[in-house]
Amino acid sequence: MNALVLGAGIFGVTGALELRRRGHRVQLLDPGPLPHPLAASTDLSKVVRLEYGADEEYTRMAERSLEGWREWNRTFGAPLFHETGVMFLRRTPVASGTFEGDSLALLRRRGHPIEHLSRDLIRARFPAWNADRYGDGIFNAAGGYVESGRVVERLLQLAVAEGVELCEGATFAALDLRGARVVGALTSDGRCFPADCVIAALGSWTPHALPFTSGWFRSSGMPVFHLRPDDPAPFVAERFPVFGADISSSGYYGFPMHPEAGVVKIANHGVGRAVHPSSADRVVGEGEIAALRAFLEETFPALARAQLVSTRVCVYCDTWDGHFWIARDPEREGLVLATGGSGHAYKFAPVLGGLIADAAEGRGQEKFRWRPEVRPERSEEAARKQSPA
Ligand SMILES: Cc1cc2nc3c(=O)[nH]c(=O)nc-3n(C[C@H](O)[C@H](O)[C@H](O)COP(=O)(O)OP(=O)(O)OC[C@H]3O[C@@H](n4cnc5c(N)ncnc54)[C@H](O)[C@@H]3O)c2cc1C
């Protein structure tokens with residue numbers, strides 16, 4: 001097969017690499033520079049976790065991905081996955097029906113030694129937390145965070161070394177159609193790239209670059225904050241692993257002190273706001289900063305007045321049900337969409353390429369199928385129910 005992959009974020013690069021490894025000719029297009037500074041995948045860190053509530057399919061995929069991250073640490077030449085452990089704390093009990101309670105039950109059933117934390121344990125082991133408020137939670141020593149921008153960089157090197165033809169500086173403009181058959185793509189500078197299969201891995205650019213998809217996807221911006229604590233000691237990974245703080249209601253999650261950048265990253269997963277990924281409107285607002293300060297005051301008092309070093313609006317591609325969309329277009333033969341998921345795909349990088357190559361070869365997975373019947377429902381409550389980070 002002659003495959004053309006549009007977009008070199010984590011979906012595009014893993015898909016391109018896997019298709020090449022299966023013997024196909026692969027061209028990978030991106031406007032660049034790579035990793036693209038506005039791409040969702042280009043970031044200091046992304047959460048890698050097994051916790052997926054009661055969803056056994058994602059949990060199984062996360063287990064396979066975790067093994068993949070450990071393997072990549074062994075083969076990449078630099079350990080870009082940091083297994084700090086992951087904790088989810090609550091102000092109310094970890095009960096059945098909550099994200100934390102369901103994750104605890106499912107992961108224990110699958111043989112993972114998850115700890116159920118009491119208030120006293122939280123106070124003793126995780127001193128940055130306000131244990132007067134957060135008195136219940138779970139801790140999993142498996143999982144942590146990955147240096148996501150650096151991983152994309154490394155995968156691009158591998159892809160090129162293994163024969164993927166990388167076309168940096170090429171911006172997809174339109175599908176080349178013969179009737180209902182996609183026979184390639186045209187770029188904004190007038191070039192034509194013929195292909196048997198075009199895989200659109202355009203992240204949050206998808207509904208803009210392919211307007212017929214705009215009823216199914218939305219590009220949403222979420223605020224990200226980098227803070228520098230006065231005293232870094234309580235925020236090192238051993239005492240401050242990757243966390244979610246009442247994640248289903250507050251949306252806040254974060255990372256330990258980054259060893260090189262020297263900052264604690266905290267982000268919010270919520271309904272977000274519709275924003276074009278290339279727009280100049282990607283600026284965190286005063287209201288978002290005030291909300292962060294209020295959250296810090298009651299959660300990590302030592303961070304409440306910490307210097308806010310930088311902020312960023314990260315834009316992801318929302319699907320209305322929160323699941324990925326990795327499937328062949330039934331109406332445009334030769335087109336595959338590989339995107340979506342409302343902000344939790346990065347951790348699956350070690351298995352994404354296989355899912356994308358399977359779809360291109362006609363063996364897509366049911367959960368990520370073509371599903372225009374899923375209707376828009378985007379309330380704060382619906383967003384919180386979807387998987388965070
Ligand atoms: C704030 C935030 C926090 C997140 N946290 C986590 C987390 O902790 N854990 C986790 O698992 N996931 C997380 N995610 C989700 C994860 O980042 C995304 O699911 C994933 O990175 C999406 O990858 P992608 O390849 O689809 O898109 P992107 O990484 O955005 O890549 C899209 C690519 O398409 C290219 N492109 C754009 N236009 C064109 C064009 N016309 N022609 C060719 N190429 C084009 C862009 O240059 C870019 O390189 C988070 C997302 C956000 C926004």
# chains A, B, ... in the order shown; residues from 1 in each chain; ligands from 1
$ select_by_dssp --residues "range 51-187 of chain A" --states "strand (DSSP E or B)" --output "ChimeraX atom specification"
/A:81-82,86-90,115-117,136-140,144-146,165-168,172-178,181-187
$ write_last_selection --atoms "N, CA and C atoms" --output "JSON list (two decimals), in the first residue's frame"
[["chain", "number", "residue", "atom", "x", "y", "z"],
["A", 81, "PHE", "N", 10.05, 8.09, 29.96],
["A", 81, "PHE", "CA", 8.90, 7.74, 30.80],
["A", 81, "PHE", "C", 9.38, 7.67, 32.24],
["A", 82, "HIS", "N", 8.74, 8.44, 33.13],
["A", 82, "HIS", "CA", 9.16, 8.50, 34.54],
["A", 82, "HIS", "C", 8.08, 7.85, 35.39],
["A", 86, "VAL", "N", 0.98, 7.02, 40.46],
["A", 86, "VAL", "CA", -0.15, 7.93, 40.19],
["A", 86, "VAL", "C", -1.13, 7.83, 41.35],
["A", 87, "MET", "N", -1.60, 8.98, 41.83],
["A", 87, "MET", "CA", -2.58, 8.96, 42.92],
["A", 87, "MET", "C", -3.81, 9.79, 42.57],
["A", 88, "PHE", "N", -4.95, 9.33, 43.06],
["A", 88, "PHE", "CA", -6.20, 10.08, 42.89],
["A", 88, "PHE", "C", -6.81, 10.23, 44.28],
["A", 89, "LEU", "N", -6.89, 11.48, 44.75],
["A", 89, "LEU", "CA", -7.44, 11.73, 46.09],
["A", 89, "LEU", "C", -8.81, 12.38, 46.00],
["A", 90, "ARG", "N", -9.59, 12.16, 47.07],
["A", 90, "ARG", "CA", -10.97, 12.68, 47.13],
["A", 90, "ARG", "C", -11.23, 13.35, 48.48],
["A", 115, "GLU", "N", -2.98, 0.70, 46.30],
["A", 115, "GLU", "CA", -3.18, 1.02, 47.72],
["A", 115, "GLU", "C", -4.41, 1.91, 47.89],
["A", 116, "HIS", "N", -5.18, 1.60, 48.92],
["A", 116, "HIS", "CA", -6.28, 2.48, 49.31],
["A", 116, "HIS", "C", -5.75, 3.33, 50.46],
["A", 117, "LEU", "N", -5.67, 4.64, 50.27],
["A", 117, "LEU", "CA", -5.00, 5.52, 51.23],
["A", 117, "LEU", "C", -5.97, 6.09, 52.25],
["A", 136, "ASP", "N", -9.21, 10.63, 51.53],
["A", 136, "ASP", "CA", -9.41, 9.29, 50.98],
["A", 136, "ASP", "C", -8.80, 9.27, 49.58],
["A", 137, "GLY", "N", -8.30, 8.12, 49.15],
["A", 137, "GLY", "CA", -7.73, 8.08, 47.81],
["A", 137, "GLY", "C", -7.09, 6.77, 47.47],
["A", 138, "ILE", "N", -6.52, 6.71, 46.27],
["A", 138, "ILE", "CA", -5.84, 5.50, 45.82],
["A", 138, "ILE", "C", -4.46, 5.88, 45.28],
["A", 139, "PHE", "N", -3.53, 4.94, 45.44],
["A", 139, "PHE", "CA", -2.18, 5.16, 44.90],
["A", 139, "PHE", "C", -1.74, 3.90, 44.16],
["A", 140, "ASN", "N", -1.23, 4.12, 42.96],
["A", 140, "ASN", "CA", -0.73, 3.02, 42.14],
["A", 140, "ASN", "C", 0.73, 3.30, 41.80],
["A", 144, "GLY", "N", 2.90, 7.01, 35.69],
["A", 144, "GLY", "CA", 3.68, 8.21, 35.96],
["A", 144, "GLY", "C", 3.47, 9.22, 34.85],
["A", 145, "TYR", "N", 4.58, 9.75, 34.35],
["A", 145, "TYR", "CA", 4.44, 10.70, 33.24],
["A", 145, "TYR", "C", 5.52, 10.49, 32.20],
["A", 146, "VAL", "N", 5.25, 11.02, 31.01],
["A", 146, "VAL", "CA", 6.18, 10.86, 29.90],
["A", 146, "VAL", "C", 6.50, 12.24, 29.35],
["A", 165, "GLU", "N", 8.97, 8.50, 4.68],
["A", 165, "GLU", "CA", 9.39, 9.72, 3.97],
["A", 165, "GLU", "C", 8.72, 10.92, 4.64],
["A", 166, "LEU", "N", 9.51, 11.67, 5.39],
["A", 166, "LEU", "CA", 8.95, 12.79, 6.15],
["A", 166, "LEU", "C", 8.96, 14.05, 5.29],
["A", 167, "CYS", "N", 7.78, 14.64, 5.09],
["A", 167, "CYS", "CA", 7.67, 15.86, 4.30],
["A", 167, "CYS", "C", 7.30, 17.00, 5.23],
["A", 168, "GLU", "N", 8.32, 17.59, 5.86],
["A", 168, "GLU", "CA", 8.10, 18.71, 6.77],
["A", 168, "GLU", "C", 7.97, 19.97, 5.92],
["A", 172, "PHE", "N", -1.41, 20.11, 4.41],
["A", 172, "PHE", "CA", -2.55, 19.53, 3.71],
["A", 172, "PHE", "C", -3.60, 20.61, 3.45],
["A", 173, "ALA", "N", -4.13, 20.64, 2.21],
["A", 173, "ALA", "CA", -5.16, 21.63, 1.87],
["A", 173, "ALA", "C", -6.48, 20.97, 1.47],
["A", 174, "ALA", "N", -6.40, 19.87, 0.72],
["A", 174, "ALA", "CA", -7.65, 19.24, 0.26],
["A", 174, "ALA", "C", -7.39, 17.80, -0.13],
["A", 175, "LEU", "N", -8.46, 17.01, -0.06],
["A", 175, "LEU", "CA", -8.37, 15.63, -0.53],
["A", 175, "LEU", "C", -8.42, 15.64, -2.05],
["A", 176, "ASP", "N", -7.67, 14.74, -2.66],
["A", 176, "ASP", "CA", -7.74, 14.56, -4.11],
["A", 176, "ASP", "C", -8.75, 13.43, -4.35],
["A", 177, "LEU", "N", -9.88, 13.78, -4.93],
["A", 177, "LEU", "CA", -10.98, 12.80, -5.08],
["A", 177, "LEU", "C", -11.21, 12.45, -6.54],
["A", 178, "ARG", "N", -11.41, 11.15, -6.80],
["A", 178, "ARG", "CA", -11.93, 10.70, -8.11],
["A", 178, "ARG", "C", -13.29, 10.11, -7.82],
["A", 181, "ARG", "N", -13.79, 8.22, -4.43],
["A", 181, "ARG", "CA", -12.53, 7.57, -4.03],
["A", 181, "ARG", "C", -11.46, 8.61, -3.76],
["A", 182, "VAL", "N", -10.80, 8.51, -2.61],
["A", 182, "VAL", "CA", -9.68, 9.40, -2.30],
["A", 182, "VAL", "C", -8.42, 8.82, -2.93],
["A", 183, "VAL", "N", -7.77, 9.60, -3.77],
["A", 183, "VAL", "CA", -6.57, 9.08, -4.47],
["A", 183, "VAL", "C", -5.31, 9.84, -4.06],
["A", 184, "GLY", "N", -5.43, 10.68, -3.04],
["A", 184, "GLY", "CA", -4.27, 11.41, -2.56],
["A", 184, "GLY", "C", -4.68, 12.70, -1.89],
["A", 185, "ALA", "N", -3.69, 13.59, -1.73],
["A", 185, "ALA", "CA", -3.98, 14.87, -1.08],
["A", 185, "ALA", "C", -3.20, 15.98, -1.76],
["A", 186, "LEU", "N", -3.78, 17.18, -1.65],
["A", 186, "LEU", "CA", -3.15, 18.37, -2.23],
["A", 186, "LEU", "C", -2.67, 19.26, -1.09],
["A", 187, "THR", "N", -1.52, 19.89, -1.28],
["A", 187, "THR", "CA", -1.01, 20.76, -0.22],
["A", 187, "THR", "C", -1.22, 22.23, -0.59]]
$ residues_around --residues "range 244-246 of chain A" --least-positions-apart "2" --cutoff "12 Å" --atoms "only C-alpha atoms" --output "compact mmCIF listing (two decimals) with N, CA, C and O atoms, in the first residue's frame"
# COMPACT_ATOMS: atom_id res chain seq x y z
N VAL A 47 0.27 12.45 31.37
CA VAL A 47 0.03 11.38 32.35
C VAL A 47 -0.02 10.02 31.65
O VAL A 47 -0.64 9.88 30.59
N ARG A 49 -1.30 6.40 32.91
CA ARG A 49 -1.99 5.77 34.07
C ARG A 49 -2.77 4.54 33.61
O ARG A 49 -3.14 4.44 32.44
N GLU A 51 -5.56 3.77 35.54
CA GLU A 51 -6.89 4.02 36.10
C GLU A 51 -7.85 4.49 35.01
O GLU A 51 -7.65 5.57 34.44
N GLY A 85 4.55 6.73 39.85
CA GLY A 85 3.31 6.33 40.50
C GLY A 85 2.25 7.41 40.24
O GLY A 85 2.56 8.53 39.80
N VAL A 86 0.98 7.02 40.46
CA VAL A 86 -0.15 7.93 40.19
C VAL A 86 -1.13 7.83 41.35
O VAL A 86 -1.44 6.74 41.81
N MET A 87 -1.60 8.98 41.83
CA MET A 87 -2.58 8.96 42.92
C MET A 87 -3.81 9.79 42.57
O MET A 87 -3.72 10.81 41.87
N PHE A 88 -4.95 9.33 43.06
CA PHE A 88 -6.20 10.08 42.89
C PHE A 88 -6.81 10.23 44.28
O PHE A 88 -7.16 9.24 44.92
N LEU A 89 -6.89 11.48 44.75
CA LEU A 89 -7.44 11.73 46.09
C LEU A 89 -8.81 12.38 46.00
O LEU A 89 -9.13 13.06 45.02
N ARG A 90 -9.59 12.16 47.07
CA ARG A 90 -10.97 12.68 47.13
C ARG A 90 -11.23 13.35 48.48
O ARG A 90 -10.60 13.02 49.48
N ARG A 91 -12.22 14.24 48.46
CA ARG A 91 -12.69 14.82 49.73
C ARG A 91 -13.77 13.95 50.34
O ARG A 91 -14.03 14.00 51.52
N THR A 92 -14.41 13.16 49.49
CA THR A 92 -15.47 12.26 49.96
C THR A 92 -15.00 10.82 49.73
O THR A 92 -14.02 10.60 49.00
N PRO A 93 -15.70 9.83 50.31
CA PRO A 93 -15.17 8.46 50.25
C PRO A 93 -14.97 7.89 48.85
O PRO A 93 -15.72 8.19 47.92
N VAL A 94 -13.95 7.06 48.74
CA VAL A 94 -13.69 6.29 47.51
C VAL A 94 -14.74 5.16 47.49
O VAL A 94 -14.56 4.13 48.12
N THR A 98 -17.68 5.81 41.90
CA THR A 98 -16.79 6.95 41.67
C THR A 98 -15.65 6.46 40.78
O THR A 98 -15.35 5.26 40.71
N PHE A 99 -14.99 7.41 40.10
CA PHE A 99 -13.86 7.06 39.24
C PHE A 99 -12.81 6.29 40.05
O PHE A 99 -12.28 5.26 39.61
N GLU A 100 -12.54 6.77 41.26
CA GLU A 100 -11.48 6.17 42.08
C GLU A 100 -11.90 4.79 42.57
O GLU A 100 -11.11 3.83 42.52
N GLY A 101 -13.16 4.69 43.05
CA GLY A 101 -13.63 3.40 43.58
C GLY A 101 -13.70 2.34 42.49
O GLY A 101 -13.30 1.19 42.71
N TRP A 129 -0.06 17.79 50.31
CA TRP A 129 -1.53 17.74 50.24
C TRP A 129 -2.17 18.24 51.53
O TRP A 129 -1.66 17.96 52.63
N ASN A 130 -3.27 18.92 51.42
CA ASN A 130 -4.04 19.32 52.58
C ASN A 130 -4.93 18.13 52.98
O ASN A 130 -6.03 17.96 52.46
N ALA A 131 -4.41 17.33 53.91
CA ALA A 131 -5.11 16.09 54.29
C ALA A 131 -6.36 16.38 55.12
O ALA A 131 -7.19 15.49 55.30
N ARG A 133 -8.62 18.23 54.08
CA ARG A 133 -9.70 18.22 53.07
C ARG A 133 -9.71 16.91 52.28
O ARG A 133 -10.77 16.40 51.96
N TYR A 134 -8.53 16.42 51.90
CA TYR A 134 -8.47 15.21 51.07
C TYR A 134 -8.13 14.04 51.97
O TYR A 134 -6.97 13.83 52.31
N GLY A 135 -9.14 13.27 52.34
CA GLY A 135 -8.93 12.22 53.34
C GLY A 135 -9.05 10.81 52.81
O GLY A 135 -9.00 9.85 53.57
N ASP A 136 -9.21 10.63 51.53
CA ASP A 136 -9.41 9.29 50.98
C ASP A 136 -8.80 9.27 49.58
O ASP A 136 -8.79 10.29 48.89
N GLY A 137 -8.30 8.12 49.15
CA GLY A 137 -7.73 8.08 47.81
C GLY A 137 -7.09 6.77 47.47
O GLY A 137 -7.12 5.81 48.27
N ILE A 138 -6.52 6.71 46.27
CA ILE A 138 -5.84 5.50 45.82
C ILE A 138 -4.46 5.88 45.28
O ILE A 138 -4.27 6.98 44.76
N PHE A 139 -3.53 4.94 45.44
CA PHE A 139 -2.18 5.16 44.90
C PHE A 139 -1.74 3.90 44.16
O PHE A 139 -1.87 2.79 44.67
N GLY A 144 2.90 7.01 35.69
CA GLY A 144 3.68 8.21 35.96
C GLY A 144 3.47 9.22 34.85
O GLY A 144 2.34 9.45 34.43
N PHE A 240 5.39 13.51 45.82
CA PHE A 240 4.34 14.22 45.07
C PHE A 240 4.22 13.58 43.68
O PHE A 240 4.62 14.15 42.66
N PRO A 241 3.67 12.36 43.65
CA PRO A 241 3.54 11.68 42.35
C PRO A 241 2.49 12.38 41.48
O PRO A 241 1.78 13.28 41.95
N VAL A 242 2.39 11.94 40.25
CA VAL A 242 1.32 12.40 39.37
C VAL A 242 -0.01 12.24 40.10
O VAL A 242 -0.23 11.24 40.79
N SER A 248 -13.08 14.05 39.06
CA SER A 248 -14.36 14.07 38.35
C SER A 248 -15.17 15.34 38.60
O SER A 248 -16.03 15.69 37.81
N SER A 249 -14.87 16.03 39.72
CA SER A 249 -15.62 17.27 39.95
C SER A 249 -14.76 18.52 39.75
O SER A 249 -15.25 19.54 39.27
N SER A 250 -13.47 18.45 40.09
CA SER A 250 -12.65 19.68 39.95
C SER A 250 -11.97 19.75 38.58
O SER A 250 -11.72 20.83 38.07
N GLY A 251 -11.61 18.60 38.01
CA GLY A 251 -10.89 18.56 36.74
C GLY A 251 -9.39 18.81 36.87
O GLY A 251 -8.66 18.74 35.89
N TYR A 252 -8.89 19.06 38.10
CA TYR A 252 -7.45 19.38 38.24
C TYR A 252 -6.61 18.11 38.38
O TYR A 252 -6.96 17.20 39.12
N TYR A 253 -5.50 18.10 37.65
CA TYR A 253 -4.52 17.02 37.76
C TYR A 253 -3.14 17.64 37.58
O TYR A 253 -3.03 18.80 37.14
N GLY A 254 -2.11 16.90 37.94
CA GLY A 254 -0.79 17.52 37.83
C GLY A 254 0.35 16.55 38.00
O GLY A 254 0.15 15.32 38.10
N PHE A 255 1.53 17.13 38.05
CA PHE A 255 2.78 16.38 37.91
C PHE A 255 3.77 16.85 38.99
O PHE A 255 3.72 18.00 39.43
N PRO A 256 4.71 15.96 39.35
CA PRO A 256 5.74 16.40 40.29
C PRO A 256 6.66 17.43 39.64
O PRO A 256 6.61 17.65 38.43
N ILE A 266 0.38 21.93 36.50
CA ILE A 266 -1.00 21.60 36.88
C ILE A 266 -1.91 22.01 35.72
O ILE A 266 -1.69 23.05 35.07
N ALA A 267 -2.87 21.15 35.40
CA ALA A 267 -3.77 21.46 34.28
C ALA A 267 -5.20 21.16 34.69
O ALA A 267 -5.45 20.51 35.71
N ASN A 268 -6.12 21.66 33.90
CA ASN A 268 -7.54 21.42 34.19
C ASN A 268 -8.23 20.78 33.00
O ASN A 268 -8.09 21.24 31.86
N HIS A 269 -8.97 19.72 33.30
CA HIS A 269 -9.76 19.04 32.28
C HIS A 269 -11.22 19.37 32.53
O HIS A 269 -11.77 19.00 33.56
N PHE A 295 -8.11 26.76 43.93
CA PHE A 295 -7.89 25.32 44.05
C PHE A 295 -6.62 25.04 44.87
O PHE A 295 -6.61 24.20 45.78
N LEU A 296 -5.55 25.78 44.56
CA LEU A 296 -4.27 25.55 45.25
C LEU A 296 -4.40 25.86 46.75
O LEU A 296 -3.88 25.12 47.59
N GLU A 298 -6.80 25.53 48.76
CA GLU A 298 -7.41 24.49 49.59
C GLU A 298 -6.82 23.10 49.38
O GLU A 298 -7.12 22.19 50.12
N THR A 299 -5.93 22.96 48.37
CA THR A 299 -5.38 21.62 48.08
C THR A 299 -3.89 21.52 48.43
O THR A 299 -3.47 20.60 49.13
N PHE A 300 -3.11 22.49 47.92
CA PHE A 300 -1.66 22.51 48.18
C PHE A 300 -1.31 23.90 48.70
O PHE A 300 -0.84 24.76 47.93
N ARG A 384 -16.83 16.20 32.53
CA ARG A 384 -16.20 15.59 33.71
C ARG A 384 -16.31 14.07 33.68
O ARG A 384 -15.47 13.37 34.21
N SER A 387 -12.91 10.78 30.21
CA SER A 387 -11.66 10.45 30.83
C SER A 387 -10.73 11.66 30.88
O SER A 387 -10.49 12.29 29.86
N PRO A 388 -10.19 12.01 32.07
CA PRO A 388 -9.28 13.13 32.17
C PRO A 388 -7.87 12.71 31.78
O PRO A 388 -7.40 11.66 32.20
N ALA A 389 -7.18 13.51 31.03
CA ALA A 389 -5.74 13.34 30.80
C ALA A 389 -5.32 11.92 30.54
O ALA A 389 -4.64 11.28 31.27
$ residues_near_ligand --ligand "ligand 1" --cutoff "7 Å" --atoms "only C-alpha atoms and all ligand atoms" --output "VMD selection string"
chain A and resid 6 to 12 29 to 32 34 to 36 38 to 42 45 to 48 170 to 173 201 to 205 209 221 to 224 267 313 to 316 339 to 348 389
$ atom_distance --atom1 "CA of Glu63 in chain A" --atom2 "CA of Gly353 in chain A"
15.8 Å
$ atom_distance --atom1 "CA of Ser219 in chain A" --atom2 "CA of Leu50 in chain A"
25.6 Å
$ select_by_dssp --residues "range 307-365 of chain A" --states "alpha helix (DSSP H)" --output "list in words"
Ala349, Pro350, Val351, Leu352, Gly353, Gly354, Leu355, Ile356, Ala357, Asp358, Ala359 and Ala360 of chain A
$ write_last_selection --atoms "N, CA, C and O atoms" --output "short mmCIF file (atom, residue, chain, number, x, y, z; two decimals), in the first residue's frame"
data_model
loop_
_atom_site.label_atom_id
_atom_site.label_comp_id
_atom_site.auth_asym_id
_atom_site.auth_seq_id
_atom_site.Cartn_x
_atom_site.Cartn_y
_atom_site.Cartn_z
N ALA A 349 0.36 5.82 23.25
CA ALA A 349 1.29 5.89 22.11
C ALA A 349 1.86 4.52 21.72
O ALA A 349 1.90 4.20 20.52
N PRO A 350 2.27 3.68 22.67
CA PRO A 350 2.86 2.40 22.24
C PRO A 350 1.88 1.48 21.52
O PRO A 350 2.32 0.55 20.84
N VAL A 351 0.57 1.70 21.65
CA VAL A 351 -0.39 0.82 20.94
C VAL A 351 -1.16 1.55 19.83
O VAL A 351 -1.84 0.92 19.03
N LEU A 352 -1.04 2.88 19.79
CA LEU A 352 -1.83 3.65 18.81
C LEU A 352 -1.49 3.28 17.36
O LEU A 352 -2.37 3.16 16.52
N GLY A 353 -0.18 3.12 17.11
CA GLY A 353 0.25 2.82 15.74
C GLY A 353 -0.42 1.56 15.22
O GLY A 353 -0.87 1.50 14.07
N GLY A 354 -0.52 0.55 16.09
CA GLY A 354 -1.16 -0.71 15.69
C GLY A 354 -2.64 -0.51 15.37
O GLY A 354 -3.15 -1.06 14.40
N LEU A 355 -3.32 0.30 16.20
CA LEU A 355 -4.75 0.56 15.97
C LEU A 355 -4.95 1.28 14.63
O LEU A 355 -5.88 0.99 13.88
N ILE A 356 -4.06 2.23 14.35
CA ILE A 356 -4.18 3.03 13.12
C ILE A 356 -3.87 2.17 11.89
O ILE A 356 -4.61 2.18 10.89
N ALA A 357 -2.80 1.39 11.98
CA ALA A 357 -2.44 0.53 10.84
C ALA A 357 -3.53 -0.52 10.60
O ALA A 357 -3.86 -0.82 9.45
N ASP A 358 -4.10 -1.05 11.69
CA ASP A 358 -5.21 -2.01 11.53
C ASP A 358 -6.37 -1.37 10.78
O ASP A 358 -6.94 -1.97 9.87
N ALA A 359 -6.74 -0.15 11.16
CA ALA A 359 -7.86 0.53 10.49
C ALA A 359 -7.52 0.75 9.01
O ALA A 359 -8.37 0.53 8.14
N ALA A 360 -6.29 1.16 8.73
CA ALA A 360 -5.90 1.40 7.33
C ALA A 360 -5.96 0.10 6.52
O ALA A 360 -6.28 0.10 5.34
#
$ closest_residue --among "A:Val198, A:Arg60, A:Pro229, A:Arg273" --to "Asp329 in chain A" --atoms "only C-alpha atoms"
A:Val198
$ atom_distance --atom1 "CA of Ala304 in chain A" --atom2 "CA of Ile289 in chain A"
11.1 Å
$ residues_around --residues "Phe76 in chain A" --least-positions-apart "4" --cutoff "9 Å" --atoms "only C-alpha atoms" --output "compact mmCIF listing (two decimals) with all heavy atoms, in the first residue's frame"
# COMPACT_ATOMS: atom_id res chain seq x y z
N GLU A 71 9.36 -0.63 27.77
CA GLU A 71 10.21 -1.14 26.69
C GLU A 71 10.90 0.02 25.96
O GLU A 71 12.10 -0.03 25.68
CB GLU A 71 9.33 -1.97 25.73
CG GLU A 71 10.02 -2.50 24.48
CD GLU A 71 11.17 -3.45 24.80
OE1 GLU A 71 11.16 -4.04 25.89
OE2 GLU A 71 12.06 -3.58 23.93
N TRP A 72 10.16 1.08 25.67
CA TRP A 72 10.75 2.24 24.98
C TRP A 72 11.85 2.86 25.85
O TRP A 72 12.86 3.34 25.34
CB TRP A 72 9.68 3.27 24.64
CG TRP A 72 8.88 2.91 23.42
CD1 TRP A 72 9.06 1.81 22.63
CD2 TRP A 72 7.79 3.64 22.84
NE1 TRP A 72 8.14 1.82 21.60
CE2 TRP A 72 7.35 2.92 21.70
CE3 TRP A 72 7.13 4.82 23.16
CZ2 TRP A 72 6.29 3.35 20.89
CZ3 TRP A 72 6.08 5.25 22.36
CH2 TRP A 72 5.66 4.53 21.23
N LEU A 80 12.46 8.44 28.86
CA LEU A 80 11.54 9.58 28.76
C LEU A 80 10.24 9.32 29.51
O LEU A 80 9.42 10.21 29.67
CB LEU A 80 11.26 9.90 27.28
CG LEU A 80 12.51 10.26 26.47
CD1 LEU A 80 12.16 10.52 25.01
CD2 LEU A 80 13.23 11.47 27.07
N VAL A 151 9.35 12.53 23.17
CA VAL A 151 9.02 11.21 22.60
C VAL A 151 8.66 11.35 21.12
O VAL A 151 9.11 10.55 20.28
CB VAL A 151 7.88 10.54 23.39
CG1 VAL A 151 7.33 9.33 22.65
CG2 VAL A 151 8.36 10.12 24.77
N ARG A 154 11.80 11.66 19.19
CA ARG A 154 12.52 10.39 19.08
C ARG A 154 11.84 9.46 18.07
O ARG A 154 12.49 8.79 17.25
CB ARG A 154 12.56 9.73 20.47
CG ARG A 154 13.37 8.47 20.55
CD ARG A 154 14.87 8.77 20.51
NE ARG A 154 15.65 7.54 20.33
CZ ARG A 154 16.14 7.12 19.17
NH1 ARG A 154 15.95 7.81 18.06
NH2 ARG A 154 16.84 5.99 19.10
N LEU A 155 10.49 9.42 18.10
CA LEU A 155 9.76 8.55 17.17
C LEU A 155 9.94 9.03 15.74
O LEU A 155 10.02 8.22 14.81
CB LEU A 155 8.27 8.50 17.54
CG LEU A 155 7.93 7.74 18.83
CD1 LEU A 155 6.48 7.99 19.23
CD2 LEU A 155 8.17 6.23 18.65
$ decode --residues "range 142-149 of chain A" --atoms "N, CA, C and O atoms" --output "mmCIF file, in the first residue's frame"
data_model
loop_
_atom_site.group_PDB
_atom_site.id
_atom_site.type_symbol
_atom_site.label_atom_id
_atom_site.label_comp_id
_atom_site.auth_asym_id
_atom_site.auth_seq_id
_atom_site.Cartn_x
_atom_site.Cartn_y
_atom_site.Cartn_z
ATOM 1 N N ALA A 142 2.462 1.861 39.718
ATOM 2 C CA ALA A 142 2.657 1.716 38.269
ATOM 3 C C ALA A 142 2.058 2.941 37.576
ATOM 4 O O ALA A 142 0.960 3.376 37.921
ATOM 5 N N GLY A 143 2.780 3.476 36.612
ATOM 6 C CA GLY A 143 2.318 4.683 35.917
ATOM 7 C C GLY A 143 3.149 5.882 36.324
ATOM 8 O O GLY A 143 4.015 5.790 37.213
ATOM 9 N N GLY A 144 2.904 7.008 35.686
ATOM 10 C CA GLY A 144 3.682 8.210 35.965
ATOM 11 C C GLY A 144 3.472 9.215 34.851
ATOM 12 O O GLY A 144 2.341 9.455 34.435
ATOM 13 N N TYR A 145 4.583 9.752 34.351
ATOM 14 C CA TYR A 145 4.437 10.701 33.243
ATOM 15 C C TYR A 145 5.522 10.488 32.199
ATOM 16 O O TYR A 145 6.564 9.885 32.476
ATOM 17 N N VAL A 146 5.251 11.016 31.013
ATOM 18 C CA VAL A 146 6.180 10.860 29.904
ATOM 19 C C VAL A 146 6.503 12.242 29.347
ATOM 20 O O VAL A 146 5.655 13.135 29.346
ATOM 21 N N GLU A 147 7.740 12.428 28.920
ATOM 22 C CA GLU A 147 8.146 13.707 28.304
ATOM 23 C C GLU A 147 7.671 13.670 26.856
ATOM 24 O O GLU A 147 8.367 13.194 25.964
ATOM 25 N N SER A 148 6.468 14.182 26.642
ATOM 26 C CA SER A 148 5.757 13.862 25.401
ATOM 27 C C SER A 148 6.347 14.498 24.144
ATOM 28 O O SER A 148 6.418 13.854 23.099
ATOM 29 N N GLY A 149 6.796 15.744 24.245
ATOM 30 C CA GLY A 149 7.401 16.375 23.063
ATOM 31 C C GLY A 149 8.671 15.643 22.653
ATOM 32 O O GLY A 149 8.926 15.405 21.462
#
